[in-house]
$ cat input.cif   # mmCIF, C-alpha atoms and all ligand atoms
data_data
loop_
_atom_site.group_PDB
_atom_site.id
_atom_site.type_symbol
_atom_site.label_atom_id
_atom_site.label_comp_id
_atom_site.auth_asym_id
_atom_site.auth_seq_id
_atom_site.Cartn_x
_atom_site.Cartn_y
_atom_site.Cartn_z
ATOM 1 C CA MET A 197 99.879 52.267 61.129
ATOM 2 C CA THR A 198 103.498 52.308 62.144
ATOM 3 C CA THR A 199 104.274 53.720 65.546
ATOM 4 C CA ILE A 200 106.895 56.430 65.451
ATOM 5 C CA LYS A 201 108.486 57.674 68.657
ATOM 6 C CA PRO A 202 107.167 61.192 69.143
ATOM 7 C CA MET A 203 109.473 64.181 69.152
ATOM 8 C CA ARG A 204 109.915 65.314 72.741
ATOM 9 C CA LEU A 205 109.932 69.013 73.564
ATOM 10 C CA LEU A 206 110.761 70.781 76.794
ATOM 11 C CA LEU A 207 108.713 73.868 77.542
ATOM 12 C CA VAL A 208 110.036 76.209 80.242
ATOM 13 C CA GLU A 209 107.283 78.694 81.022
ATOM 14 C CA ASP A 210 105.985 80.022 84.343
ATOM 15 C CA GLU A 211 102.540 81.189 83.260
ATOM 16 C CA PRO A 212 100.183 78.193 83.442
ATOM 17 C CA ALA A 213 97.706 79.646 80.937
ATOM 18 C CA ILE A 214 100.434 79.929 78.314
ATOM 19 C CA SER A 215 102.129 76.622 79.064
ATOM 20 C CA ASN A 216 98.812 74.726 78.992
ATOM 21 C CA PHE A 217 97.846 76.332 75.713
ATOM 22 C CA ILE A 218 101.179 75.432 74.103
ATOM 23 C CA ARG A 219 101.395 71.933 75.595
ATOM 24 C CA GLU A 220 97.873 70.941 74.584
ATOM 25 C CA GLY A 221 98.347 72.277 71.072
ATOM 26 C CA LEU A 222 101.658 70.489 70.582
ATOM 27 C CA GLU A 223 100.307 67.233 71.994
ATOM 28 C CA GLU A 224 97.443 67.385 69.518
ATOM 29 C CA GLU A 225 100.084 67.679 66.797
ATOM 30 C CA GLY A 226 101.706 64.475 68.037
ATOM 31 C CA PHE A 227 104.574 65.870 70.101
ATOM 32 C CA ALA A 228 105.431 64.762 73.614
ATOM 33 C CA VAL A 229 105.818 67.800 75.861
ATOM 34 C CA ASP A 230 107.357 68.197 79.328
ATOM 35 C CA VAL A 231 106.779 71.436 81.183
ATOM 36 C CA ALA A 232 109.008 73.165 83.731
ATOM 37 C CA ASN A 233 107.447 76.163 85.473
ATOM 38 C CA ASN A 234 110.649 77.772 86.716
ATOM 39 C CA GLY A 235 114.152 78.344 85.450
ATOM 40 C CA LYS A 236 116.108 76.022 87.738
ATOM 41 C CA THR A 237 113.850 73.034 87.085
ATOM 42 C CA GLY A 238 113.997 73.794 83.376
ATOM 43 C CA LEU A 239 117.785 73.713 83.295
ATOM 44 C CA GLN A 240 117.875 70.545 85.378
ATOM 45 C CA MET A 241 115.450 68.791 83.040
ATOM 46 C CA ALA A 242 117.412 69.914 79.990
ATOM 47 C CA ASN A 243 120.757 68.799 81.421
ATOM 48 C CA ASP A 244 120.110 65.734 83.539
ATOM 49 C CA GLY A 245 119.814 63.429 80.534
ATOM 50 C CA LEU A 246 116.760 61.578 81.868
ATOM 51 C CA GLN A 247 114.928 62.593 78.732
ATOM 52 C CA HIS A 248 116.347 63.377 75.358
ATOM 53 C CA TYR A 249 114.773 66.583 74.095
ATOM 54 C CA ASP A 250 114.517 67.405 70.405
ATOM 55 C CA LEU A 251 113.840 71.084 71.038
ATOM 56 C CA ILE A 252 113.399 73.564 73.891
ATOM 57 C CA LEU A 253 110.845 76.375 74.084
ATOM 58 C CA LEU A 254 112.193 78.820 76.581
ATOM 59 C CA ASP A 255 110.478 81.756 78.215
ATOM 60 C CA TRP A 256 112.778 84.694 78.866
ATOM 61 C CA MET A 257 111.421 86.047 82.165
ATOM 62 C CA LEU A 258 111.306 83.182 84.639
ATOM 63 C CA PRO A 259 111.443 82.918 88.413
ATOM 64 C CA GLY A 260 114.734 81.557 89.744
ATOM 65 C CA MET A 261 116.790 81.762 86.605
ATOM 66 C CA SER A 262 116.191 83.677 83.381
ATOM 67 C CA GLY A 263 115.805 82.060 79.992
ATOM 68 C CA ILE A 264 119.024 83.760 78.899
ATOM 69 C CA GLU A 265 120.977 82.127 81.753
ATOM 70 C CA ILE A 266 119.466 78.740 80.969
ATOM 71 C CA CYS A 267 120.335 79.121 77.300
ATOM 72 C CA ARG A 268 123.957 79.994 78.153
ATOM 73 C CA GLU A 269 124.237 76.987 80.459
ATOM 74 C CA ILE A 270 122.791 74.610 77.861
ATOM 75 C CA ARG A 271 125.142 75.967 75.193
ATOM 76 C CA LYS A 272 128.136 75.094 77.397
ATOM 77 C CA THR A 273 127.326 71.434 76.863
ATOM 78 C CA THR A 274 125.637 71.314 73.459
ATOM 79 C CA THR A 275 125.287 73.466 70.384
ATOM 80 C CA GLN A 276 123.001 70.944 68.682
ATOM 81 C CA LEU A 277 119.797 71.253 70.700
ATOM 82 C CA PRO A 278 117.424 73.759 69.040
ATOM 83 C CA ILE A 279 116.226 76.513 71.375
ATOM 84 C CA ILE A 280 113.379 78.943 70.695
ATOM 85 C CA PHE A 281 112.816 81.935 72.963
ATOM 86 C CA LEU A 282 109.270 82.958 73.846
ATOM 87 C CA THR A 283 109.182 86.449 75.149
ATOM 88 C CA ALA A 284 107.285 89.665 75.586
ATOM 89 C CA LYS A 285 110.473 91.636 74.963
ATOM 90 C CA ASP A 286 110.233 93.101 71.532
ATOM 91 C CA THR A 287 113.095 95.386 70.694
ATOM 92 C CA VAL A 288 115.606 94.525 67.995
ATOM 93 C CA ASP A 289 118.379 94.616 70.608
ATOM 94 C CA ASP A 290 116.617 91.952 72.642
ATOM 95 C CA ALA A 291 116.251 89.704 69.608
ATOM 96 C CA VAL A 292 119.921 90.095 68.698
ATOM 97 C CA PHE A 293 120.902 89.452 72.312
ATOM 98 C CA ALA A 294 118.786 86.295 72.446
ATOM 99 C CA LEU A 295 120.316 84.939 69.243
ATOM 100 C CA GLU A 296 123.850 85.809 70.352
ATOM 101 C CA THR A 297 123.246 83.870 73.540
ATOM 102 C CA GLY A 298 122.799 80.806 71.364
ATOM 103 C CA ALA A 299 119.068 80.612 70.727
ATOM 104 C CA ASN A 300 118.060 79.465 67.245
ATOM 105 C CA ASP A 301 114.907 81.502 67.026
ATOM 106 C CA TYR A 302 112.828 84.059 68.849
ATOM 107 C CA ILE A 303 109.035 84.407 69.043
ATOM 108 C CA ARG A 304 107.336 87.466 70.445
ATOM 109 C CA LYS A 305 104.339 87.156 72.743
ATOM 110 C CA PRO A 306 101.517 87.201 71.987
ATOM 111 C CA PHE A 307 101.970 84.755 69.133
ATOM 112 C CA SER A 308 99.605 82.489 67.250
ATOM 113 C CA PHE A 309 99.928 78.781 67.871
ATOM 114 C CA ASP A 310 100.271 78.136 64.136
ATOM 115 C CA GLU A 311 103.194 80.531 63.839
ATOM 116 C CA MET A 312 104.961 78.863 66.744
ATOM 117 C CA LEU A 313 104.274 75.394 65.335
ATOM 118 C CA ALA A 314 105.660 76.408 61.939
ATOM 119 C CA ARG A 315 108.898 77.637 63.546
ATOM 120 C CA VAL A 316 109.208 74.484 65.653
ATOM 121 C CA ARG A 317 108.829 72.354 62.530
ATOM 122 C CA VAL A 318 111.405 74.363 60.577
ATOM 123 C CA LEU A 319 114.004 73.899 63.313
ATOM 124 C CA LEU A 320 113.285 70.197 63.711
ATOM 125 C CA ARG A 321 113.547 69.647 59.962
ATOM 126 C CA ASN A 322 116.830 71.551 59.787
ATOM 127 C CA GLN A 323 118.085 69.509 62.714
ATOM 128 C CA ARG A 324 117.322 66.272 60.905
ATOM 129 C CA GLY A 325 118.829 67.614 57.696
ATOM 130 C CA GLU A 326 115.554 66.922 55.905
ATOM 131 C CA GLN A 327 114.867 68.126 52.429
ATOM 132 C CA THR A 328 112.801 71.308 52.553
ATOM 133 C CA LEU A 329 112.882 72.362 48.922
ATOM 134 C CA PHE A 330 111.090 70.425 46.184
ATOM 135 C CA GLN A 331 110.847 71.156 42.509
ATOM 136 C CA HIS A 332 108.884 69.769 39.604
ATOM 137 C CA GLY A 333 109.086 71.638 36.319
ATOM 138 C CA SER A 334 107.971 75.170 37.010
ATOM 139 C CA ILE A 335 106.492 74.231 40.399
ATOM 140 C CA GLU A 336 108.573 74.891 43.495
ATOM 141 C CA MET A 337 107.686 74.035 47.077
ATOM 142 C CA ASN A 338 109.562 75.586 49.986
ATOM 143 C CA LEU A 339 108.650 74.043 53.341
ATOM 144 C CA ASP A 340 110.692 76.524 55.377
ATOM 145 C CA LYS A 341 108.731 79.408 53.908
ATOM 146 C CA HIS A 342 105.540 77.318 53.684
ATOM 147 C CA GLN A 343 105.271 78.504 50.103
ATOM 148 C CA VAL A 344 104.457 77.069 46.696
ATOM 149 C CA THR A 345 105.289 78.910 43.501
ATOM 150 C CA LYS A 346 104.669 78.265 39.817
ATOM 151 C CA ASN A 347 106.979 80.090 37.407
ATOM 152 C CA GLY A 348 108.107 82.074 40.431
ATOM 153 C CA LEU A 349 104.612 83.298 41.293
ATOM 154 C CA PRO A 350 103.079 82.320 44.651
ATOM 155 C CA ILE A 351 100.130 79.891 44.543
ATOM 156 C CA GLU A 352 97.720 79.864 47.492
ATOM 157 C CA LEU A 353 97.065 76.351 48.814
ATOM 158 C CA THR A 354 94.890 75.234 51.695
ATOM 159 C CA GLN A 355 96.530 73.208 54.503
ATOM 160 C CA LYS A 356 95.245 69.930 53.035
ATOM 161 C CA GLU A 357 96.326 70.803 49.498
ATOM 162 C CA PHE A 358 99.747 71.765 50.825
ATOM 163 C CA ALA A 359 100.114 68.532 52.804
ATOM 164 C CA LEU A 360 98.984 66.431 49.836
ATOM 165 C CA LEU A 361 101.408 68.122 47.443
ATOM 166 C CA GLU A 362 104.246 67.729 49.949
ATOM 167 C CA TYR A 363 103.512 64.020 50.281
ATOM 168 C CA LEU A 364 103.438 63.487 46.496
ATOM 169 C CA LEU A 365 106.651 65.472 45.951
ATOM 170 C CA ARG A 366 108.486 63.679 48.757
ATOM 171 C CA ASN A 367 107.617 60.441 46.991
ATOM 172 C CA LYS A 368 108.344 61.703 43.504
ATOM 173 C CA GLY A 369 108.658 58.874 41.004
ATOM 174 C CA LYS A 370 106.805 56.442 43.275
ATOM 175 C CA VAL A 371 103.133 55.530 43.278
ATOM 176 C CA CYS A 372 101.374 57.014 46.304
ATOM 177 C CA ARG A 373 98.661 54.589 47.268
ATOM 178 C CA ARG A 374 95.221 55.897 48.132
ATOM 179 C CA THR A 375 95.251 54.127 51.487
ATOM 180 C CA ARG A 376 98.589 55.692 52.440
ATOM 181 C CA ILE A 377 97.448 59.134 51.330
ATOM 182 C CA LEU A 378 94.322 58.803 53.488
ATOM 183 C CA GLU A 379 96.403 57.710 56.470
ATOM 184 C CA LYS A 380 98.900 60.502 56.010
ATOM 185 C CA ILE A 381 96.719 63.447 55.107
ATOM 186 C CA TRP A 382 93.262 62.565 56.404
ATOM 187 C CA ASP A 383 91.976 60.734 59.417
ATOM 188 C CA THR A 384 91.962 57.018 58.807
ATOM 189 C CA HIS A 385 88.232 56.710 59.446
ATOM 190 C CA PHE A 386 87.599 57.656 55.835
ATOM 191 C CA ASP A 387 86.650 54.794 53.560
ATOM 192 C CA ARG A 388 89.488 53.844 51.207
ATOM 193 C CA SER A 389 87.234 54.482 48.241
ATOM 194 C CA SER A 390 86.645 57.971 49.586
ATOM 195 C CA ALA A 391 86.349 60.525 46.822
ATOM 196 C CA VAL A 392 87.995 63.133 49.016
ATOM 197 C CA ILE A 393 91.434 62.343 47.556
ATOM 198 C CA ASP A 394 90.231 62.782 43.981
ATOM 199 C CA VAL A 395 88.606 66.073 44.881
ATOM 200 C CA TYR A 396 91.832 67.405 46.366
ATOM 201 C CA ILE A 397 93.963 66.051 43.519
ATOM 202 C CA ASN A 398 91.721 68.031 41.196
ATOM 203 C CA PHE A 399 92.149 71.151 43.322
ATOM 204 C CA LEU A 400 95.917 70.793 42.949
ATOM 205 C CA ARG A 401 95.638 70.137 39.215
ATOM 206 C CA ASN A 402 93.453 73.200 38.723
ATOM 207 C CA LYS A 403 95.884 75.391 40.591
ATOM 208 C CA LEU A 404 99.166 73.989 39.294
ATOM 209 C CA ASP A 405 98.727 72.265 35.924
ATOM 210 C CA ASP A 406 99.992 73.930 32.818
ATOM 211 C CA PRO A 407 96.832 75.317 31.143
ATOM 212 C CA THR A 408 98.290 74.796 27.663
ATOM 213 C CA SER A 409 98.845 71.074 28.202
ATOM 214 C CA THR A 410 96.285 68.265 28.386
ATOM 215 C CA ASP A 411 98.632 66.281 30.654
ATOM 216 C CA SER A 412 98.512 66.755 34.405
ATOM 217 C CA PHE A 413 101.649 66.931 36.536
ATOM 218 C CA ILE A 414 99.932 64.367 38.782
ATOM 219 C CA LYS A 415 99.386 61.026 37.034
ATOM 220 C CA THR A 416 96.451 58.832 37.993
ATOM 221 C CA ILE A 417 97.382 55.200 38.542
ATOM 222 C CA ARG A 418 93.947 53.723 38.077
ATOM 223 C CA GLY A 419 92.555 51.931 41.102
ATOM 224 C CA ILE A 420 95.812 52.366 43.036
ATOM 225 C CA GLY A 421 96.751 55.973 43.548
ATOM 226 C CA TYR A 422 98.724 58.896 42.155
ATOM 227 C CA ARG A 423 102.254 59.712 41.107
ATOM 228 C CA ILE A 424 104.347 62.731 40.211
ATOM 229 C CA GLU A 425 106.858 61.648 37.563
ATOM 230 C CA ASP A 426 110.539 61.636 38.403
ATOM 231 C CA LYS A 427 111.511 63.670 35.351
ATOM 232 C CA ALA A 428 110.743 67.388 35.075
HETATM 233 CA CA CA A 501 107.466 84.455 82.198
#
$ encode --input "input.cif" --output "structure tokens" --more "lines below"
Ligand code: CA
Amino acid sequence: MTTIKPMRLLLVEDEPAISNFIREGLEEEGFAVDVANNGKTGLQMANDGLQHYDLILLDWMLPGMSGIEICREIRKTTTQLPIIFLTAKDTVDDAVFALETGANDYIRKPFSFDEMLARVRVLLRNQRGEQTLFQHGSIEMNLDKHQVTKNGLPIELTQKEFALLEYLLRNKGKVCRRTRILEKIWDTHFDRSSAVIDVYINFLRNKLDDPTSTDSFIKTIRGIGYRIEDKA
């Protein structure tokens, strides 16, 4: 497997229970996370250039210096660094205020880890200018909305089905090898002959193939893998 430098996030949060919960979750997802437990340290870490951060998660109410002040200070030097506020404040005015200060997004406490992770990923993808919209015939996949539609109607996919479809669409026109699919979507301890891929390919076909056609939108390349054709 190729080693990719992990995305590094700075989390500024003074409640240890919350910061541990977020840090552990993000580390499991492959991010590197540094934590500052007060405002002044947070600003220092963001500005001193010792680490390059790809995104900052910023609590609003912090000892020493508020999240709003930190955000303003950071925005004096860069507009590029994505900032997400985490806060118990929940009025519309507060949200508008946070965004006007230069934050990119705003998450209300309590929040689910999955919701936070989804927002982090959206911002990081936007930052990298990555493609977030894929289309094949009547099938459309929108990563920002985490949504798949067929003929404009939403199709429910499990996490694994979603990840598999995303991988195939990103590589549209190319053969996706079974070994690569296993590495990408499943833990590598699966045997390469594992039937799990075929099972999930069939799930996708059942949900997304055109019922009037005998052809599937996912082609089987016998013994090698799968491909979504470039056309359509
Ligand atoms: Ca706080």
$ atom_distance --input "input.cif" --atom1 "atom CA of A:Val208" --atom2 "atom CA of A:Phe309"
16.2 Å
$ residues_around --input "input.cif" --residues "A:Asp250" --least-positions-apart "5" --cutoff "12 Å" --atoms "all atoms listed in the file" --output "list in words"
Lys201, Pro202, Met203, Arg204, Leu205, Leu206, Leu207, Phe227, Ala228, Val229, Asp230, Ala242, Gln276, Leu277, Pro278, Ile279, Ile280, Val316, Arg317, Leu319, Leu320, Arg321, Asn322, Gln323 and Arg324 of chain A
$ axis_aligned_box --input "input.cif" --around "stretch 297-312 of chain A" --padding-each-side "4 Å" --output "lines of an AutoDock Vina configuration file"
center_x = 111.4
center_y = 82.8
center_z = 68.7
size_x = 31.6
size_y = 17.3
size_z = 17.7
$ residues_near_ligand --input "input.cif" --ligand "ligand CA 501 (chain A)" --cutoff "9 Å" --atoms "only C-alpha atoms and all ligand atoms" --output "PyMOL selection string"
chain A and resi 208-211+233-234+255-259+262-263+282-284
$ closest_residue --input "input.cif" --among "A:Phe293, A:Phe307, A:Tyr363, A:Tyr249" --to "A:Ile218" --atoms "only C-alpha atoms"
A:Phe307
$ closest_residue --input "input.cif" --among "A:Asp244, A:Glu362, A:Glu225, A:Asp310" --to "A:Phe330" --atoms "all atoms listed in the file"
A:Glu362
$ resolve_selection --input "input.cif" --expression "the PyMOL selection byres (((chain A and resi 332) around 9) and not hetatm)" --output "mmCIF file with C-alpha atoms, keeping the file's coordinate frame"
data_model
loop_
_atom_site.group_PDB
_atom_site.id
_atom_site.type_symbol
_atom_site.label_atom_id
_atom_site.label_comp_id
_atom_site.auth_asym_id
_atom_site.auth_seq_id
_atom_site.Cartn_x
_atom_site.Cartn_y
_atom_site.Cartn_z
ATOM 1 C CA PHE A 330 111.090 70.425 46.184
ATOM 2 C CA GLN A 331 110.847 71.156 42.509
ATOM 3 C CA GLY A 333 109.086 71.638 36.319
ATOM 4 C CA SER A 334 107.971 75.170 37.010
ATOM 5 C CA ILE A 335 106.492 74.231 40.399
ATOM 6 C CA GLU A 336 108.573 74.891 43.495
ATOM 7 C CA MET A 337 107.686 74.035 47.077
ATOM 8 C CA LEU A 365 106.651 65.472 45.951
ATOM 9 C CA LYS A 368 108.344 61.703 43.504
ATOM 10 C CA PHE A 413 101.649 66.931 36.536
ATOM 11 C CA ILE A 424 104.347 62.731 40.211
ATOM 12 C CA GLU A 425 106.858 61.648 37.563
ATOM 13 C CA ASP A 426 110.539 61.636 38.403
ATOM 14 C CA LYS A 427 111.511 63.670 35.351
ATOM 15 C CA ALA A 428 110.743 67.388 35.075
#
$ resolve_selection --input "input.cif" --expression "the PyMOL selection byres (((chain A and resi 347-353) around 10) and not hetatm)" --output "ChimeraX atom specification"
/A:333-337,342-346,354-359,361,399-400,403-404
$ atom_distance --input "input.cif" --atom1 "atom CA of A:Leu239" --atom2 "atom CA of A:Gly325"
26.3 Å
$ atom_distance --input "input.cif" --atom1 "atom CA of A:Asp411" --atom2 "atom CA of A:Gln327"
27.2 Å
$ residues_around --input "input.cif" --residues "A:Arg315" --least-positions-apart "6" --cutoff "10 Å" --atoms "all atoms listed in the file" --output "list in words"
Ile280, Asp301, Tyr302, Ile303, Arg321, Asp340 and Lys341 of chain A
$ resolve_selection --input "input.cif" --expression "the PyMOL selection byres (((chain A and resi 381) around 9) and not hetatm)" --output "list of chain:residue names"
A:Lys356, A:Ala359, A:Leu360, A:Tyr363, A:Arg376, A:Ile377, A:Leu378, A:Glu379, A:Lys380, A:Trp382, A:Asp383, A:Thr384
$ closest_residue --input "input.cif" --among "A:Lys305, A:Lys285, A:Arg401, A:Arg374" --to "A:Ile417" --atoms "all atoms listed in the file"
A:Arg374
